[in-house]
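J.: Here's a structure for you.
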Amino acid sequence: MIPTSTQHDPRTDPWDAASLGQRFEEVRSRTEALAAPLSPEDQTVQSMPDVSPTKWHRAHVTWFFETFLLAEAEAGFAPFQDQYWFLFNSYYETLGPRYARPDRGLVTRPGVHEVGDYRAHVDARVRDLVDTLDEGTLEKLVPVIELGFHHEQQHQELLLMDIKHVLSRNPLQPVYAGRPVERCEPDDLGWVEVEGGLVEVGHESAGFSFDNELPRHRQWLEPYRLADRLVTNGEWLAFMADGGYERPELWLSDGLARIRAEGWRAPLYWTEHDGLWFEHTLHGTWPVNPGLPVAHVSFYEAEAFATWSGKRLPTEAEWEHAVVTDGQGGQHGRDDRVTGNLGDDGSFHPRPAAPAPAGSRLRQVHGDCWEWTASAYHPYPGFHPPAGAIGEYNGKFMSNQMVLRGGCALTAPGHARTSYRNFFPHGARWALSGVRLADGGAPSTTTAGAPT
Ligand SMILES: [Fe+2]
């Protein structure tokens, strides 16, 4: 079983050395638990440029604490290995040159055991620092330590997405974890009406958020409705059977060019054998289960499916406002409104839609699949990235990407929240991404459609 987080809630219970130390151990040990089922060879492979080797993730999150915490606050700081700063810097231009991302799989040394030594060394120094700093200095460092926790949790999710792709390329179809759920059919899709108007979106409360969730601000929403669950594999099969991947009128121009160039005719990880579709998962390859949410589709595919359905994708503000008005808006940590199929039970795959929480109507809000929105990833009005290298964390990616909301079945427990803005390029499919439809507000097209 993968360790989960404590119930410490920094909104009501300020961090101190003991609680920071405890959360540090939990986050760090969860990364190691996720890597534990993988061989050194599994942890070294990079199956495509977007994927990073497991051992690189383990080292990079360590480099993050070393760079942004120890180097800033430790007396007489010296790096564990000078070369590691070059190898394990991901994208921070301010910090100097770095090794090319597409070549991470070529780095056979340091091996997984040396990466383990690096982790243990930095862990000991972080523990020592947190235990010995005076209260005032520690308080100033809380934001970067907490960012280190959430950064490592982001990489825990990426580690799982990436190893899923690595294992998909192995003809033996190895199992990482979990078991398939029984075959089921999609249940009826419902719609939740939302009044709209002048609403507020963005992170609210004293709890942690990434900088891109701020500032909280107002947006105008026309009345709209949101599907009460994610689009299913069964509905996606109907889209495919209706020529969904062959009909140009359903596709954005860039999307059509992409599916033609890449030969896409189904979601990533789907393969056809003797007229039947199978799906690669972290628990092996199984027949596509019609009742499960469709996963590993790009923005282009999500958008084409919505057009085929006579519906559209929600904007990120519509998604967030609908979740809040449905009584499911919440922050991470102890907030029991943030519930769902997240990466806390070791199944690591979307599940059929369960009933909504008591008093709510939207299903599968947090967890299962990150949900593509119709919103480009742009700064909120008044956004200013922090000064220094840490300002590169989010802000510089605000171009040519789309926002996804909600979290997925690989998201670390305690990491999801309603205002969380994930983002990927339009054609990305290796992230665990799915589709929720919206309607109203903006004019919809009318074509042959499935979900009504
Ligand atoms: Fe990172």
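Quick note on naming: the chains in the structure tokens go A, B, ... in the order shown, residues restart at 1 in each chain, and ligands are numbered from 1 in order of appearance.
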Step by step, measure atom-to-atom distances between ligand 1 and each residue using only C-alpha atoms and all ligand atoms, keep those at most 12 Å, then write them as a ChimeraX atom specification.
T.: /A:52,56-65,67-68,88-92,101,147-159,390,392-394
J.: Give the alpha helix (DSSP H) residues of stretch 53-270 of chain A, as DSSP finds them on the backbone, and put them as a PyMOL selection string.
T.: chain A and resi 54-65+71-73+82-87+112-132+135-168+233-241+253-262
J.: Sort by chain and increasing residue number a table of all residues of stretch 251-329 of chain A within 9 Å of stretch 397-410 of chain A, each with its closest pair of atoms and their distance in Å to one decimal, counting only C-alpha atoms, and write it as a tab-separated table.
T.:
residue	atom	partner	partner_atom	distance
A:Phe299	CA	A:Met402	CA	7.6
A:Thr315	CA	A:Val403	CA	8.8
A:Glu316	CA	A:Val403	CA	7.0
A:Trp319	CA	A:Arg405	CA	7.7
A:Glu320	CA	A:Arg405	CA	8.2
J.: Within 12 Å of A:Pro110, counting only C-alpha atoms, which residues show up once you throw out same-chain ones fewer than 6 positions away? Write them as a list in words, please.
T.: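 The neighbour list is Pro40, Gln43, Thr44, Lys55, Trp56, Arg58, Ala59, Gln81, Gln83, Tyr84, Leu87, Phe88, Arg104, Gly116, Asp117 and Tyr118 of chain A.
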J.: Limited to N, CA and C atoms, could you put the picked residues into a file as a PDB file, in the first residue's frame?
T.:
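The result, written out as out.pdb:
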ATOM      1  N   PRO A  40      15.928  -1.599 -11.672  1.00  0.00           N
ATOM      2  CA  PRO A  40      16.841  -0.533 -12.125  1.00  0.00           C
ATOM      3  C   PRO A  40      16.701  -0.252 -13.619  1.00  0.00           C
ATOM      4  N   GLN A  43      13.669   1.816 -14.309  1.00  0.00           N
ATOM      5  CA  GLN A  43      13.838   3.189 -13.825  1.00  0.00           C
ATOM      6  C   GLN A  43      14.771   4.017 -14.704  1.00  0.00           C
ATOM      7  N   THR A  44      15.369   3.403 -15.697  1.00  0.00           N
ATOM      8  CA  THR A  44      16.369   4.089 -16.516  1.00  0.00           C
ATOM      9  C   THR A  44      15.835   4.484 -17.886  1.00  0.00           C
ATOM     10  N   LYS A  55      14.230   7.163 -12.197  1.00  0.00           N
ATOM     11  CA  LYS A  55      15.343   7.592 -11.334  1.00  0.00           C
ATOM     12  C   LYS A  55      15.645   9.073 -11.532  1.00  0.00           C
ATOM     13  N   TRP A  56      15.339   9.613 -12.714  1.00  0.00           N
ATOM     14  CA  TRP A  56      15.511  11.056 -12.910  1.00  0.00           C
ATOM     15  C   TRP A  56      14.519  11.813 -12.029  1.00  0.00           C
ATOM     16  N   ARG A  58      13.255  10.803  -9.235  1.00  0.00           N
ATOM     17  CA  ARG A  58      13.711  10.660  -7.837  1.00  0.00           C
ATOM     18  C   ARG A  58      14.860  11.627  -7.538  1.00  0.00           C
ATOM     19  N   ALA A  59      15.723  11.820  -8.514  1.00  0.00           N
ATOM     20  CA  ALA A  59      16.871  12.708  -8.301  1.00  0.00           C
ATOM     21  C   ALA A  59      16.464  14.181  -8.436  1.00  0.00           C
ATOM     22  N   GLN A  81      26.978  16.644  -5.295  1.00  0.00           N
ATOM     23  CA  GLN A  81      27.822  16.411  -6.474  1.00  0.00           C
ATOM     24  C   GLN A  81      27.612  17.595  -7.401  1.00  0.00           C
ATOM     25  N   GLN A  83      28.087  17.827 -10.527  1.00  0.00           N
ATOM     26  CA  GLN A  83      27.483  17.443 -11.808  1.00  0.00           C
ATOM     27  C   GLN A  83      25.982  17.223 -11.693  1.00  0.00           C
ATOM     28  N   TYR A  84      25.505  16.900 -10.498  1.00  0.00           N
ATOM     29  CA  TYR A  84      24.074  16.655 -10.354  1.00  0.00           C
ATOM     30  C   TYR A  84      23.268  17.927 -10.622  1.00  0.00           C
ATOM     31  N   LEU A  87      22.779  17.731 -14.262  1.00  0.00           N
ATOM     32  CA  LEU A  87      21.959  16.593 -14.700  1.00  0.00           C
ATOM     33  C   LEU A  87      20.494  16.721 -14.303  1.00  0.00           C
ATOM     34  N   PHE A  88      20.234  17.281 -13.128  1.00  0.00           N
ATOM     35  CA  PHE A  88      18.883  17.176 -12.559  1.00  0.00           C
ATOM     36  C   PHE A  88      18.136  18.497 -12.478  1.00  0.00           C
ATOM     37  N   ARG A 104      17.541  12.169 -21.405  1.00  0.00           N
ATOM     38  CA  ARG A 104      17.634  11.718 -20.004  1.00  0.00           C
ATOM     39  C   ARG A 104      17.775  10.204 -19.890  1.00  0.00           C
ATOM     40  N   GLY A 116      19.635   6.793  -4.883  1.00  0.00           N
ATOM     41  CA  GLY A 116      19.165   6.531  -3.521  1.00  0.00           C
ATOM     42  C   GLY A 116      20.089   7.170  -2.487  1.00  0.00           C
ATOM     43  N   ASP A 117      21.394   7.080  -2.729  1.00  0.00           N
ATOM     44  CA  ASP A 117      22.361   7.714  -1.808  1.00  0.00           C
ATOM     45  C   ASP A 117      22.176   9.230  -1.799  1.00  0.00           C
ATOM     46  N   TYR A 118      21.944   9.783  -2.981  1.00  0.00           N
ATOM     47  CA  TYR A 118      21.721  11.235  -3.098  1.00  0.00           C
ATOM     48  C   TYR A 118      20.487  11.636  -2.296  1.00  0.00           C
TER      49      TYR A 118
END
J.: Please provide the set of residues having any atom within 8 Å of A:Gly196, restricted to only C-alpha atoms, with same-chain residues fewer than 5 positions apart removed, written as a PyMOL selection string.
T.: chain A and resi 220-224
J.: Convert the current residue selection to file output with C-alpha atoms, as an mmCIF file, in the first residue's frame.
T.:
data_model
loop_
_atom_site.group_PDB
_atom_site.id
_atom_site.type_symbol
_atom_site.label_atom_id
_atom_site.label_comp_id
_atom_site.auth_asym_id
_atom_site.auth_seq_id
_atom_site.Cartn_x
_atom_site.Cartn_y
_atom_site.Cartn_z
ATOM 1 C CA TRP A 220 -18.790 36.778 -16.108
ATOM 2 C CA LEU A 221 -20.480 33.469 -16.987
ATOM 3 C CA GLU A 222 -23.596 33.051 -19.094
ATOM 4 C CA PRO A 223 -26.010 30.363 -17.815
ATOM 5 C CA TYR A 224 -24.659 26.910 -18.702
#
J.: Determine, for each residue of stretch 246-340 of chain A having at least one atom at most 12 Å from an atom of stretch 416-434 of chain A, the closest pair of atoms and their separation in Å to one decimal, counting only C-alpha atoms; order by chain and ascending number, as a Markdown table.
T.:
| residue | atom | partner | partner_atom | distance |
| --- | --- | --- | --- | --- |
| A:Leu252 | CA | A:His426 | CA | 10.9 |
| A:Asp254 | CA | A:His426 | CA | 9.1 |
| A:Gly255 | CA | A:Gly427 | CA | 7.7 |
| A:Leu256 | CA | A:Gly427 | CA | 10.8 |
| A:Ala257 | CA | A:Gly427 | CA | 10.7 |
| A:Arg258 | CA | A:Gly427 | CA | 7.5 |
| A:Ile259 | CA | A:Gly427 | CA | 9.2 |
| A:Ala261 | CA | A:Gly427 | CA | 11.6 |
| A:Glu262 | CA | A:Gly427 | CA | 10.4 |
| A:Trp264 | CA | A:Arg429 | CA | 10.9 |
| A:Ala266 | CA | A:Arg429 | CA | 11.1 |
| A:Pro267 | CA | A:Arg429 | CA | 7.9 |
| A:Leu268 | CA | A:Arg429 | CA | 6.3 |
| A:Tyr269 | CA | A:Trp430 | CA | 8.8 |
| A:Trp270 | CA | A:Arg429 | CA | 11.8 |
| A:His280 | CA | A:Trp430 | CA | 11.8 |
| A:Thr281 | CA | A:Leu432 | CA | 10.8 |
| A:Leu282 | CA | A:Leu432 | CA | 11.6 |
| A:Leu292 | CA | A:Gly434 | CA | 10.7 |
| A:Pro293 | CA | A:Gly434 | CA | 7.0 |
| A:Val294 | CA | A:Gly434 | CA | 5.8 |
| A:Ala295 | CA | A:Gly434 | CA | 4.8 |
| A:His296 | CA | A:Arg429 | CA | 4.8 |
| A:Val297 | CA | A:Arg429 | CA | 5.2 |
| A:Ser298 | CA | A:Arg429 | CA | 4.9 |
| A:Phe299 | CA | A:His426 | CA | 4.9 |
| A:Tyr300 | CA | A:His426 | CA | 6.1 |
| A:Glu301 | CA | A:Gly427 | CA | 8.5 |
| A:Ala302 | CA | A:Gly434 | CA | 7.4 |
| A:Glu303 | CA | A:His426 | CA | 9.9 |
| A:Phe305 | CA | A:Gly434 | CA | 11.0 |
| A:Ala306 | CA | A:Gly434 | CA | 11.7 |
| A:Leu313 | CA | A:Gly434 | CA | 11.0 |
| A:Thr315 | CA | A:Arg421 | CA | 11.9 |
| A:Glu316 | CA | A:Arg421 | CA | 8.4 |
| A:Ala317 | CA | A:Ser419 | CA | 9.4 |
| A:Glu318 | CA | A:Ser419 | CA | 11.7 |
| A:Trp319 | CA | A:Thr418 | CA | 9.1 |
| A:Glu320 | CA | A:Thr418 | CA | 6.4 |
| A:His321 | CA | A:Thr418 | CA | 9.4 |
| A:Ala322 | CA | A:Thr418 | CA | 10.4 |
| A:Val323 | CA | A:Thr418 | CA | 7.5 |
| A:Val324 | CA | A:Thr418 | CA | 7.9 |
| A:Thr325 | CA | A:Thr418 | CA | 11.6 |
| A:Asp326 | CA | A:Thr418 | CA | 11.7 |
| A:Gly327 | CA | A:Thr418 | CA | 11.0 |
| A:Gln328 | CA | A:Thr418 | CA | 8.0 |
| A:Gly329 | CA | A:Thr418 | CA | 5.5 |
| A:Gly330 | CA | A:Thr418 | CA | 5.6 |
| A:Gln331 | CA | A:Arg417 | CA | 4.6 |
| A:His332 | CA | A:Arg417 | CA | 5.2 |
| A:Gly333 | CA | A:Ala416 | CA | 8.5 |
| A:Arg334 | CA | A:Arg417 | CA | 11.1 |
| A:Asp335 | CA | A:Arg417 | CA | 9.1 |
| A:Asp336 | CA | A:Arg417 | CA | 10.7 |
| A:Arg337 | CA | A:Arg417 | CA | 9.1 |
| A:Val338 | CA | A:Arg417 | CA | 6.4 |
| A:Thr339 | CA | A:Ala416 | CA | 8.8 |
| A:Gly340 | CA | A:Ala416 | CA | 9.8 |
J.: Which residue, A:Arg216, A:Arg363, A:Arg98, A:Lys140, has the smallest gap to A:Trp191 when you use only C-alpha atoms?
T.: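 Closest residue, counting only C-alpha atoms: A:Arg363.
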J.: For each of A:Pro352, A:Gly111, A:Gly136, A:Gly76, take the minimum atom-to-atom distance to A:Asp42, counting only C-alpha atoms, then give the residue where this is smallest.
T.: A:Gly111
J.: Quick check for you: according to DSSP on this backbone, which residues of stretch 256-411 of chain A are classed as strand (DSSP E)? Reply as a short mmCIF file (atom, residue, chain, number, x, y, z; two decimals) with C-alpha atoms, in the first residue's frame.
T.:
data_model
loop_
_atom_site.label_atom_id
_atom_site.label_comp_id
_atom_site.auth_asym_id
_atom_site.auth_seq_id
_atom_site.Cartn_x
_atom_site.Cartn_y
_atom_site.Cartn_z
CA TRP A 270 -5.81 1.42 -27.24
CA THR A 271 -4.95 -1.37 -29.67
CA GLU A 272 -7.27 -3.37 -31.89
CA HIS A 273 -7.05 -7.16 -32.15
CA LEU A 276 -11.84 -5.85 -30.42
CA TRP A 277 -10.23 -2.92 -28.62
CA PHE A 278 -7.81 -3.42 -25.75
CA GLU A 279 -6.33 -0.85 -23.37
CA HIS A 280 -2.88 -0.82 -21.78
CA THR A 281 -3.10 0.09 -18.10
CA GLY A 284 -1.77 -4.89 -17.75
CA THR A 285 -3.66 -4.93 -21.04
CA TRP A 286 -7.39 -5.62 -20.90
CA PRO A 287 -10.42 -5.31 -23.16
CA TRP A 370 -7.77 15.40 -15.55
CA GLU A 371 -10.48 17.17 -17.50
CA TRP A 372 -9.61 19.18 -20.60
CA THR A 373 -11.15 22.64 -20.59
CA ALA A 374 -11.72 25.09 -23.43
CA SER A 375 -9.43 27.58 -21.66
CA ALA A 376 -5.95 28.45 -22.84
CA MET A 402 -4.62 24.24 -22.39
CA VAL A 403 -5.85 24.04 -18.80
CA LEU A 404 -7.05 20.78 -17.25
CA ARG A 405 -8.94 20.56 -13.96
#
J.: Which residue out of A:Glu139, A:Glu72, A:Glu185, A:Asp103 has the minimum interatomic distance to A:Asp16 when only C-alpha atoms are used?
T.: A:Glu139
J.: Quick one: of A:Ser347, A:Glu66, A:Ser205, A:Tyr99, who's nearest to A:Arg119, counting only C-alpha atoms?
T.: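 Going through A:Ser347, A:Glu66, A:Ser205, A:Tyr99 one by one, the smallest distance to A:Arg119 is for A:Glu66.
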J.: Please report the interatomic distance between atom CA of A:Asp368 and atom CA of A:Val51 in Å with one decimal.
T.: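 We find that atom CA of A:Asp368 and atom CA of A:Val51 lie 20.8 Å from each other.
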J.: Counting only C-alpha atoms, what is within 12 Å of A:Phe77, bar same-chain residues fewer than 6 positions away, as a list in words?
T.: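 Close residues of A:Phe77: Glu66, Thr67, Phe68, Leu69, Leu70, Ala71, Val122, Arg125, Val126 and Leu129 of chain A.
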J.: To one decimal place in Å, what is the distance between atom CA of A:Pro413 and atom CA of A:Met48?
T.: 27.3 Å
